[in-house]
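Student: Before anything else, here's the structure in question.
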Amino acid sequence: MLTRLGRFMSSSKTISFFWVTHDGRETKVEGKIGESLLENAHRNSIDLEGACDGSLACSTCHVILSESLYDVQPEPTADEEDMLDLAFGLTPTSRLGCQIKITEDMSNTRIQLPKASVNMYVDGHKPKPH
């Protein structure tokens, strides 16, 4: 069954995975299938900014995926690639958390947070979950 969360559809099924901070601390969370990584981070009080609230207008929800997880994701759009060009600490497996939906193959994986982000709007602005 699908339910509406903000602008995105997600199911009631969940998986467990880990958020990893730049200093290596891990936080295990439950993720709803279909929810974006940005939505999950906000719901679980993970320090992932998302200044544009998922509208593809910034790079503050930059995350780093494992190579195996990156390889099974849909290709980034040209708009996402443009925003990633502005991200701090870009890696070959960087993506925007607002564009990555949680899937069953993310179970027990680790999502790495970069050391910093660049917010061209207002430094320190972090939207609250809806």
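To be explicit about the labels: the chains of the structure tokens are called A, B, and onward in the order shown, and within each one the residues are counted from 1, while ligands get numbers from 1 in the order they are shown.
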Among chain A, which ones does DSSP assign to strand (DSSP E) (computed from the backbone)? Answer as a PyMOL selection string.
Tutor: chain A and resi 2-5+8-11+14-20+26-32+62-64+94-96+110-112
Student: Output N, CA and C atoms for every residue in that selection, as an mmCIF file, in the first residue's frame.
Tutor:
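Written file, selection25.cif:
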data_model
loop_
_atom_site.group_PDB
_atom_site.id
_atom_site.type_symbol
_atom_site.label_atom_id
_atom_site.label_comp_id
_atom_site.auth_asym_id
_atom_site.auth_seq_id
_atom_site.Cartn_x
_atom_site.Cartn_y
_atom_site.Cartn_z
ATOM 1 N N LEU A 2 0.526 2.214 -0.816
ATOM 2 C CA LEU A 2 1.297 3.447 -0.890
ATOM 3 C C LEU A 2 0.593 4.552 -0.117
ATOM 4 N N THR A 3 1.377 5.368 0.567
ATOM 5 C CA THR A 3 0.840 6.534 1.270
ATOM 6 C C THR A 3 1.587 7.756 0.788
ATOM 7 N N ARG A 4 0.974 8.919 0.954
ATOM 8 C CA ARG A 4 1.583 10.161 0.476
ATOM 9 C C ARG A 4 2.412 10.770 1.594
ATOM 10 N N LEU A 5 3.691 11.026 1.314
ATOM 11 C CA LEU A 5 4.585 11.726 2.246
ATOM 12 C C LEU A 5 5.098 12.963 1.530
ATOM 13 N N PHE A 8 6.135 12.957 -2.323
ATOM 14 C CA PHE A 8 6.548 11.662 -2.834
ATOM 15 C C PHE A 8 5.674 10.544 -2.284
ATOM 16 N N MET A 9 5.596 9.475 -3.047
ATOM 17 C CA MET A 9 4.845 8.307 -2.616
ATOM 18 C C MET A 9 5.812 7.329 -1.953
ATOM 19 N N SER A 10 5.387 6.722 -0.853
ATOM 20 C CA SER A 10 6.195 5.684 -0.236
ATOM 21 C C SER A 10 5.263 4.598 0.264
ATOM 22 N N SER A 11 5.804 3.425 0.452
ATOM 23 C CA SER A 11 4.996 2.317 0.936
ATOM 24 C C SER A 11 5.140 2.236 2.446
ATOM 25 N N THR A 14 9.382 -1.063 5.347
ATOM 26 C CA THR A 14 10.611 -0.371 5.735
ATOM 27 C C THR A 14 11.818 -1.303 5.671
ATOM 28 N N ILE A 15 12.968 -0.689 5.608
ATOM 29 C CA ILE A 15 14.249 -1.387 5.704
ATOM 30 C C ILE A 15 15.112 -0.636 6.713
ATOM 31 N N SER A 16 16.161 -1.281 7.190
ATOM 32 C CA SER A 16 17.143 -0.627 8.061
ATOM 33 C C SER A 16 18.391 -0.321 7.258
ATOM 34 N N PHE A 17 18.974 0.853 7.509
ATOM 35 C CA PHE A 17 20.270 1.198 6.918
ATOM 36 C C PHE A 17 20.955 2.185 7.855
ATOM 37 N N PHE A 18 22.163 2.606 7.505
ATOM 38 C CA PHE A 18 22.966 3.444 8.383
ATOM 39 C C PHE A 18 23.343 4.749 7.704
ATOM 40 N N TRP A 19 23.228 5.839 8.463
ATOM 41 C CA TRP A 19 23.812 7.118 8.070
ATOM 42 C C TRP A 19 25.178 7.184 8.737
ATOM 43 N N VAL A 20 26.216 7.611 8.000
ATOM 44 C CA VAL A 20 27.570 7.699 8.528
ATOM 45 C C VAL A 20 28.044 9.143 8.424
ATOM 46 N N GLU A 26 28.041 6.133 13.160
ATOM 47 C CA GLU A 26 26.942 5.530 12.412
ATOM 48 C C GLU A 26 25.648 5.616 13.205
ATOM 49 N N THR A 27 24.563 5.914 12.495
ATOM 50 C CA THR A 27 23.231 5.943 13.089
ATOM 51 C C THR A 27 22.347 5.010 12.278
ATOM 52 N N LYS A 28 21.829 3.976 12.928
ATOM 53 C CA LYS A 28 20.930 3.037 12.252
ATOM 54 C C LYS A 28 19.523 3.632 12.247
ATOM 55 N N VAL A 29 18.889 3.611 11.082
ATOM 56 C CA VAL A 29 17.542 4.164 10.933
ATOM 57 C C VAL A 29 16.660 3.188 10.169
ATOM 58 N N GLU A 30 15.375 3.424 10.250
ATOM 59 C CA GLU A 30 14.403 2.719 9.418
ATOM 60 C C GLU A 30 14.079 3.633 8.246
ATOM 61 N N GLY A 31 14.048 3.071 7.063
ATOM 62 C CA GLY A 31 13.710 3.838 5.873
ATOM 63 C C GLY A 31 12.477 3.268 5.211
ATOM 64 N N LYS A 32 11.554 4.132 4.843
ATOM 65 C CA LYS A 32 10.341 3.702 4.145
ATOM 66 C C LYS A 32 10.635 3.561 2.661
ATOM 67 N N HIS A 62 23.786 16.639 -0.563
ATOM 68 C CA HIS A 62 24.812 15.778 -1.152
ATOM 69 C C HIS A 62 25.113 14.612 -0.215
ATOM 70 N N VAL A 63 25.066 13.395 -0.756
ATOM 71 C CA VAL A 63 25.434 12.187 -0.026
ATOM 72 C C VAL A 63 26.417 11.385 -0.874
ATOM 73 N N ILE A 64 27.127 10.494 -0.227
ATOM 74 C CA ILE A 64 28.095 9.650 -0.920
ATOM 75 C C ILE A 64 27.653 8.198 -0.753
ATOM 76 N N SER A 94 28.929 10.372 -5.663
ATOM 77 C CA SER A 94 28.078 11.397 -5.041
ATOM 78 C C SER A 94 26.732 11.479 -5.748
ATOM 79 N N ARG A 95 25.695 11.709 -4.961
ATOM 80 C CA ARG A 95 24.346 11.960 -5.478
ATOM 81 C C ARG A 95 23.679 12.952 -4.544
ATOM 82 N N LEU A 96 22.533 13.493 -4.969
ATOM 83 C CA LEU A 96 21.728 14.354 -4.109
ATOM 84 C C LEU A 96 20.691 13.485 -3.401
ATOM 85 N N ARG A 110 25.299 1.630 4.003
ATOM 86 C CA ARG A 110 25.736 2.842 4.686
ATOM 87 C C ARG A 110 25.712 4.005 3.704
ATOM 88 N N ILE A 111 25.103 5.109 4.143
ATOM 89 C CA ILE A 111 25.047 6.340 3.359
ATOM 90 C C ILE A 111 25.968 7.338 4.054
ATOM 91 N N GLN A 112 26.996 7.763 3.343
ATOM 92 C CA GLN A 112 28.012 8.647 3.915
ATOM 93 C C GLN A 112 27.619 10.113 3.729
#
Student: For each of A:Ser68, A:Thr21, A:Asn108, A:Gln99, take the minimum atom-to-atom distance to Leu38 in chain A, counting only C-alpha atoms, then give the residue where this is smallest.
Tutor: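 Of A:Ser68, A:Thr21, A:Asn108, A:Gln99, the one nearest Leu38 in chain A, counting only C-alpha atoms, is A:Gln99.
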Student: Taking 4 positions as the minimum chain separation for residues in the same chain, which residues sit within 9 Å of Cys61 in chain A when counting only C-alpha atoms? Answer as a PyMOL selection string.
Tutor: chain A and resi 37-38+48-51+54+87+95-98+113+117
Student: With DSSP run on the backbone, what are the helix (DSSP H, G or I) residues within range 47-117 of chain A? I'd like them as a count of residues only.
Tutor: 18
